[in-house]
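See below for the structure under consideration.
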Amino acid sequence: QVQLVESGGGLVQAGGSLRLSCAASGRTFSSYAMAWFRQAPGKEREFVASISITWSASTTAYAGSVKGRFTISRDNAKNTVYLQMNSLKPEDTAVYYCAAKYGSSQNRSPSEYDYWGQGTQVTVSS
């Protein structure tokens, strides 16, 4: 079992930055690929970014809408994954969810992830 707790959401003006954190329980955090998804009102949950880890390096993937603005990273010693969000836009407003998937392969489909956090609200004002 893995429990995920997100933090760091809030209200920010367009062009601003936020850093989301997701703290995971359990001793095998490094065995999980991690991802961030988001869901805006009336819309489906969508992939934002993911990160896996191999013996030698981490690999990342991003949605086209956030590439170049958002950065996902992980600290296995702290059992935490981060999402640094820069140059925020009003269309980034959503509830952001952290998700975990056992194994090193990444996936953009929410159905592939086994564990979810409760979500943290990000609101970007224009």
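Chain lettering (A, B, ...) mirrors the order of the structure tokens, residue numbering begins at 1 for each chain separately, and ligand numbering begins at 1 in order of display.
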
Neighbour list for Leu83 of chain A as a ChimeraX atom specification, cut-off 10 Å, only C-alpha atoms, skip fewer than 3 positions in-chain: /A:8,18-22,35-36,48-50,70-74,86,96,98

Writer output for current selection, N, CA and C atoms, as a PDB file, in the first residue's frame:
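Once everything was written out, this is again_28.pdb:
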ATOM      1  N   GLY A   8       0.950  22.291  -1.496  1.00  0.00           N
ATOM      2  CA  GLY A   8       1.582  23.345  -2.279  1.00  0.00           C
ATOM      3  C   GLY A   8       0.670  24.086  -3.224  1.00  0.00           C
ATOM      4  N   LEU A  18       4.367  28.032  -8.804  1.00  0.00           N
ATOM      5  CA  LEU A  18       4.029  27.240  -7.628  1.00  0.00           C
ATOM      6  C   LEU A  18       4.833  25.953  -7.694  1.00  0.00           C
ATOM      7  N   ARG A  19       5.112  25.382  -6.521  1.00  0.00           N
ATOM      8  CA  ARG A  19       5.719  24.062  -6.475  1.00  0.00           C
ATOM      9  C   ARG A  19       4.828  23.143  -5.659  1.00  0.00           C
ATOM     10  N   LEU A  20       4.367  22.095  -6.315  1.00  0.00           N
ATOM     11  CA  LEU A  20       3.569  21.075  -5.642  1.00  0.00           C
ATOM     12  C   LEU A  20       4.483  19.976  -5.118  1.00  0.00           C
ATOM     13  N   SER A  21       4.104  19.426  -3.970  1.00  0.00           N
ATOM     14  CA  SER A  21       4.821  18.296  -3.398  1.00  0.00           C
ATOM     15  C   SER A  21       3.853  17.144  -3.174  1.00  0.00           C
ATOM     16  N   CYS A  22       4.361  15.948  -3.263  1.00  0.00           N
ATOM     17  CA  CYS A  22       3.571  14.749  -3.000  1.00  0.00           C
ATOM     18  C   CYS A  22       4.419  13.822  -2.142  1.00  0.00           C
ATOM     19  N   ALA A  35       3.429  10.230 -11.125  1.00  0.00           N
ATOM     20  CA  ALA A  35       2.878  11.134 -12.123  1.00  0.00           C
ATOM     21  C   ALA A  35       1.997  12.191 -11.465  1.00  0.00           C
ATOM     22  N   TRP A  36       1.803  13.268 -12.192  1.00  0.00           N
ATOM     23  CA  TRP A  36       0.837  14.297 -11.827  1.00  0.00           C
ATOM     24  C   TRP A  36      -0.234  14.341 -12.915  1.00  0.00           C
ATOM     25  N   VAL A  48      -0.363  15.264 -16.813  1.00  0.00           N
ATOM     26  CA  VAL A  48       0.475  16.456 -16.781  1.00  0.00           C
ATOM     27  C   VAL A  48       1.954  16.079 -16.960  1.00  0.00           C
ATOM     28  N   ALA A  49       2.447  15.190 -16.103  1.00  0.00           N
ATOM     29  CA  ALA A  49       3.862  14.814 -16.163  1.00  0.00           C
ATOM     30  C   ALA A  49       4.068  13.506 -15.408  1.00  0.00           C
ATOM     31  N   SER A  50       5.125  12.787 -15.766  1.00  0.00           N
ATOM     32  CA  SER A  50       5.466  11.555 -15.075  1.00  0.00           C
ATOM     33  C   SER A  50       6.969  11.411 -14.969  1.00  0.00           C
ATOM     34  N   PHE A  70       6.653  23.330 -16.865  1.00  0.00           N
ATOM     35  CA  PHE A  70       6.582  22.501 -15.663  1.00  0.00           C
ATOM     36  C   PHE A  70       7.763  21.548 -15.634  1.00  0.00           C
ATOM     37  N   THR A  71       8.212  21.235 -14.415  1.00  0.00           N
ATOM     38  CA  THR A  71       9.288  20.259 -14.234  1.00  0.00           C
ATOM     39  C   THR A  71       8.928  19.298 -13.112  1.00  0.00           C
ATOM     40  N   ILE A  72       8.964  18.010 -13.416  1.00  0.00           N
ATOM     41  CA  ILE A  72       8.717  16.989 -12.406  1.00  0.00           C
ATOM     42  C   ILE A  72      10.061  16.450 -11.922  1.00  0.00           C
ATOM     43  N   SER A  73      10.138  16.199 -10.623  1.00  0.00           N
ATOM     44  CA  SER A  73      11.356  15.626 -10.058  1.00  0.00           C
ATOM     45  C   SER A  73      10.981  14.772  -8.857  1.00  0.00           C
ATOM     46  N   ARG A  74      11.916  13.977  -8.404  1.00  0.00           N
ATOM     47  CA  ARG A  74      11.645  13.129  -7.241  1.00  0.00           C
ATOM     48  C   ARG A  74      12.882  13.058  -6.355  1.00  0.00           C
ATOM     49  N   ASN A  86       5.994  26.858 -13.580  1.00  0.00           N
ATOM     50  CA  ASN A  86       6.368  28.242 -13.884  1.00  0.00           C
ATOM     51  C   ASN A  86       5.493  28.782 -15.011  1.00  0.00           C
ATOM     52  N   TYR A  96      -4.961  19.282  -8.847  1.00  0.00           N
ATOM     53  CA  TYR A  96      -3.806  18.487  -9.257  1.00  0.00           C
ATOM     54  C   TYR A  96      -3.672  17.271  -8.347  1.00  0.00           C
ATOM     55  N   CYS A  98      -1.548  13.616  -7.461  1.00  0.00           N
ATOM     56  CA  CYS A  98      -0.351  12.800  -7.540  1.00  0.00           C
ATOM     57  C   CYS A  98      -0.791  11.336  -7.666  1.00  0.00           C
TER      58      CYS A  98
END

Distance criterion (only C-alpha atoms): nearest to Ser111 of chain A out of A:Lys78, A:Phe47, A:Ser125, A:Val66: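 Checking each of A:Lys78, A:Phe47, A:Ser125, A:Val66 against Ser111 of chain A, counting only C-alpha atoms, the winner is A:Phe47.
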
Using only C-alpha atoms: which of A:Ala99, A:Met85, A:Gly10, A:Gly64 has the shortest distance to Glu112 of chain A: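 Closest candidate: A:Ala99.
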
Nearest residue to Ser58 of chain A from the set A:Val12, A:Ala33, A:Leu4, A:Ala24 (distances using only C-alpha atoms): A:Ala33

Spatial neighbours of Pro110 of chain A, 8 Å, only C-alpha atoms, chain gap at least 4 places, as a PyMOL selection string: chain A and resi 37+45-47

Take the residues from that selection and put them in a file with N, CA, C and O atoms, as an mmCIF file, in the first residue's frame.
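part-v7.cif was written with the following content:
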data_model
loop_
_atom_site.group_PDB
_atom_site.id
_atom_site.type_symbol
_atom_site.label_atom_id
_atom_site.label_comp_id
_atom_site.auth_asym_id
_atom_site.auth_seq_id
_atom_site.Cartn_x
_atom_site.Cartn_y
_atom_site.Cartn_z
ATOM 1 N N PHE A 37 -1.475 14.396 -12.465
ATOM 2 C CA PHE A 37 -2.611 14.605 -13.339
ATOM 3 C C PHE A 37 -3.354 15.837 -12.825
ATOM 4 O O PHE A 37 -3.131 16.292 -11.706
ATOM 5 N N ARG A 45 -9.992 13.987 -16.239
ATOM 6 C CA ARG A 45 -8.658 14.046 -15.655
ATOM 7 C C ARG A 45 -7.625 13.878 -16.771
ATOM 8 O O ARG A 45 -7.751 12.980 -17.608
ATOM 9 N N GLU A 46 -6.619 14.734 -16.769
ATOM 10 C CA GLU A 46 -5.628 14.683 -17.835
ATOM 11 C C GLU A 46 -4.212 14.569 -17.296
ATOM 12 O O GLU A 46 -3.896 15.066 -16.206
ATOM 13 N N PHE A 47 -3.387 13.926 -18.059
ATOM 14 C CA PHE A 47 -1.989 13.726 -17.732
ATOM 15 C C PHE A 47 -1.244 15.055 -17.772
ATOM 16 O O PHE A 47 -1.456 15.881 -18.674
#

Every residue of segment 52-92 of chain A that DSSP places in strand (DSSP E), as a list in words: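 Result set for segment 52-92 of chain A (strand (DSSP E)): Ser52, Ile53, Ser58, Thr59, Thr60, Ala61, Tyr62, Phe70, Thr71, Ile72, Ser73, Arg74, Asp75, Thr80, Val81, Tyr82, Leu83, Gln84 and Met85 of chain A.
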
Expected answer as number ranges by chain: helix (DSSP H, G or I) residues in chain A: A: 29-31, 90-92, 110-112

Spatial neighbours of Tyr97 of chain A, 7 Å, only C-alpha atoms, chain gap at least 6 places, as number ranges by chain: A: 36-38, 116-120

Got time to write the residues from that selection, all heavy atoms, as a PDB file, in the first residue's frame?
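Saved result, part00.pdb, follows:
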ATOM      1  N   TRP A  36       1.803  13.268 -12.192  1.00  0.00           N
ATOM      2  CA  TRP A  36       0.837  14.297 -11.827  1.00  0.00           C
ATOM      3  C   TRP A  36      -0.234  14.341 -12.915  1.00  0.00           C
ATOM      4  O   TRP A  36       0.081  14.323 -14.116  1.00  0.00           O
ATOM      5  CB  TRP A  36       1.508  15.661 -11.709  1.00  0.00           C
ATOM      6  CG  TRP A  36       2.390  15.802 -10.517  1.00  0.00           C
ATOM      7  CD1 TRP A  36       3.737  15.593 -10.465  1.00  0.00           C
ATOM      8  CD2 TRP A  36       1.986  16.200  -9.197  1.00  0.00           C
ATOM      9  NE1 TRP A  36       4.198  15.828  -9.183  1.00  0.00           N
ATOM     10  CE2 TRP A  36       3.148  16.201  -8.397  1.00  0.00           C
ATOM     11  CE3 TRP A  36       0.767  16.558  -8.620  1.00  0.00           C
ATOM     12  CZ2 TRP A  36       3.123  16.552  -7.037  1.00  0.00           C
ATOM     13  CZ3 TRP A  36       0.745  16.906  -7.276  1.00  0.00           C
ATOM     14  CH2 TRP A  36       1.907  16.904  -6.497  1.00  0.00           C
ATOM     15  N   PHE A  37      -1.475  14.396 -12.465  1.00  0.00           N
ATOM     16  CA  PHE A  37      -2.611  14.605 -13.339  1.00  0.00           C
ATOM     17  C   PHE A  37      -3.354  15.837 -12.825  1.00  0.00           C
ATOM     18  O   PHE A  37      -3.131  16.292 -11.706  1.00  0.00           O
ATOM     19  CB  PHE A  37      -3.556  13.387 -13.299  1.00  0.00           C
ATOM     20  CG  PHE A  37      -2.988  12.161 -13.963  1.00  0.00           C
ATOM     21  CD1 PHE A  37      -2.090  11.339 -13.289  1.00  0.00           C
ATOM     22  CD2 PHE A  37      -3.352  11.826 -15.251  1.00  0.00           C
ATOM     23  CE1 PHE A  37      -1.568  10.208 -13.895  1.00  0.00           C
ATOM     24  CE2 PHE A  37      -2.844  10.691 -15.868  1.00  0.00           C
ATOM     25  CZ  PHE A  37      -1.943   9.891 -15.182  1.00  0.00           C
ATOM     26  N   ARG A  38      -4.252  16.346 -13.640  1.00  0.00           N
ATOM     27  CA  ARG A  38      -5.085  17.457 -13.189  1.00  0.00           C
ATOM     28  C   ARG A  38      -6.492  17.308 -13.759  1.00  0.00           C
ATOM     29  O   ARG A  38      -6.680  16.676 -14.789  1.00  0.00           O
ATOM     30  CB  ARG A  38      -4.476  18.801 -13.596  1.00  0.00           C
ATOM     31  CG  ARG A  38      -4.428  19.064 -15.087  1.00  0.00           C
ATOM     32  CD  ARG A  38      -3.659  20.347 -15.373  1.00  0.00           C
ATOM     33  NE  ARG A  38      -3.626  20.656 -16.799  1.00  0.00           N
ATOM     34  CZ  ARG A  38      -2.922  21.644 -17.334  1.00  0.00           C
ATOM     35  NH1 ARG A  38      -2.171  22.432 -16.545  1.00  0.00           N
ATOM     36  NH2 ARG A  38      -2.952  21.882 -18.633  1.00  0.00           N
ATOM     37  N   TRP A 116      -3.599   7.057  -5.577  1.00  0.00           N
ATOM     38  CA  TRP A 116      -3.872   8.467  -5.835  1.00  0.00           C
ATOM     39  C   TRP A 116      -3.895   9.245  -4.531  1.00  0.00           C
ATOM     40  O   TRP A 116      -4.323   8.741  -3.487  1.00  0.00           O
ATOM     41  CB  TRP A 116      -5.223   8.623  -6.530  1.00  0.00           C
ATOM     42  CG  TRP A 116      -5.226   8.064  -7.917  1.00  0.00           C
ATOM     43  CD1 TRP A 116      -5.428   6.771  -8.294  1.00  0.00           C
ATOM     44  CD2 TRP A 116      -4.997   8.796  -9.120  1.00  0.00           C
ATOM     45  NE1 TRP A 116      -5.347   6.654  -9.657  1.00  0.00           N
ATOM     46  CE2 TRP A 116      -5.087   7.878 -10.202  1.00  0.00           C
ATOM     47  CE3 TRP A 116      -4.724  10.144  -9.413  1.00  0.00           C
ATOM     48  CZ2 TRP A 116      -4.905   8.264 -11.524  1.00  0.00           C
ATOM     49  CZ3 TRP A 116      -4.556  10.524 -10.718  1.00  0.00           C
ATOM     50  CH2 TRP A 116      -4.649   9.595 -11.764  1.00  0.00           C
ATOM     51  N   GLY A 117      -3.473  10.512  -4.623  1.00  0.00           N
ATOM     52  CA  GLY A 117      -3.645  11.420  -3.511  1.00  0.00           C
ATOM     53  C   GLY A 117      -5.024  12.057  -3.558  1.00  0.00           C
ATOM     54  O   GLY A 117      -5.820  11.786  -4.453  1.00  0.00           O
ATOM     55  N   GLN A 118      -5.278  12.932  -2.584  1.00  0.00           N
ATOM     56  CA  GLN A 118      -6.597  13.557  -2.475  1.00  0.00           C
ATOM     57  C   GLN A 118      -6.737  14.777  -3.361  1.00  0.00           C
ATOM     58  O   GLN A 118      -7.839  15.270  -3.566  1.00  0.00           O
ATOM     59  CB  GLN A 118      -6.868  13.950  -1.014  1.00  0.00           C
ATOM     60  CG  GLN A 118      -6.244  15.266  -0.565  1.00  0.00           C
ATOM     61  CD  GLN A 118      -4.735  15.211  -0.398  1.00  0.00           C
ATOM     62  OE1 GLN A 118      -4.116  14.156  -0.476  1.00  0.00           O
ATOM     63  NE2 GLN A 118      -4.132  16.362  -0.147  1.00  0.00           N
ATOM     64  N   GLY A 119      -5.627  15.275  -3.880  1.00  0.00           N
ATOM     65  CA  GLY A 119      -5.659  16.423  -4.773  1.00  0.00           C
ATOM     66  C   GLY A 119      -5.392  17.736  -4.054  1.00  0.00           C
ATOM     67  O   GLY A 119      -5.658  17.876  -2.855  1.00  0.00           O
ATOM     68  N   THR A 120      -4.850  18.684  -4.798  1.00  0.00           N
ATOM     69  CA  THR A 120      -4.612  20.027  -4.273  1.00  0.00           C
ATOM     70  C   THR A 120      -5.033  21.035  -5.332  1.00  0.00           C
ATOM     71  O   THR A 120      -4.732  20.870  -6.516  1.00  0.00           O
ATOM     72  CB  THR A 120      -3.140  20.216  -3.853  1.00  0.00           C
ATOM     73  OG1 THR A 120      -2.970  21.493  -3.229  1.00  0.00           O
ATOM     74  CG2 THR A 120      -2.182  20.106  -5.035  1.00  0.00           C
TER      75      THR A 120
END

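Closest approach to Thr80 of chain A among A:Ala23, A:Ala40, A:Val124, A:Ala63: A:Ala23, based on only C-alpha atoms.
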
Option closest in space to Gly103 of chain A, from A:Gln3, A:Ser17, A:Gly26, A:Ile51 [counting only C-alpha atoms]: A:Ile51

Nearby residues (only C-alpha atoms) at most 6 Å from Leu88 of chain A, same-chain spacing under 4 positions excluded, as a PyMOL selection string: chain A and resi 14-16

Atoms kept (N, CA, C and O atoms) for selection, written as a CSV table (one decimal), in the first residue's frame:
chain,number,residue,atom,x,y,z
A,14,ALA,N,-1.4,35.0,-13.1
A,14,ALA,CA,-0.8,34.5,-14.3
A,14,ALA,C,0.6,34.9,-14.5
A,14,ALA,O,0.9,36.1,-14.1
A,15,GLY,N,1.5,34.0,-14.9
A,15,GLY,CA,2.9,34.3,-15.0
A,15,GLY,C,3.7,33.9,-13.8
A,15,GLY,O,4.9,33.9,-13.8
A,16,GLY,N,3.0,33.6,-12.7
A,16,GLY,CA,3.6,33.2,-11.4
A,16,GLY,C,4.0,31.7,-11.4
A,16,GLY,O,3.9,31.0,-12.4
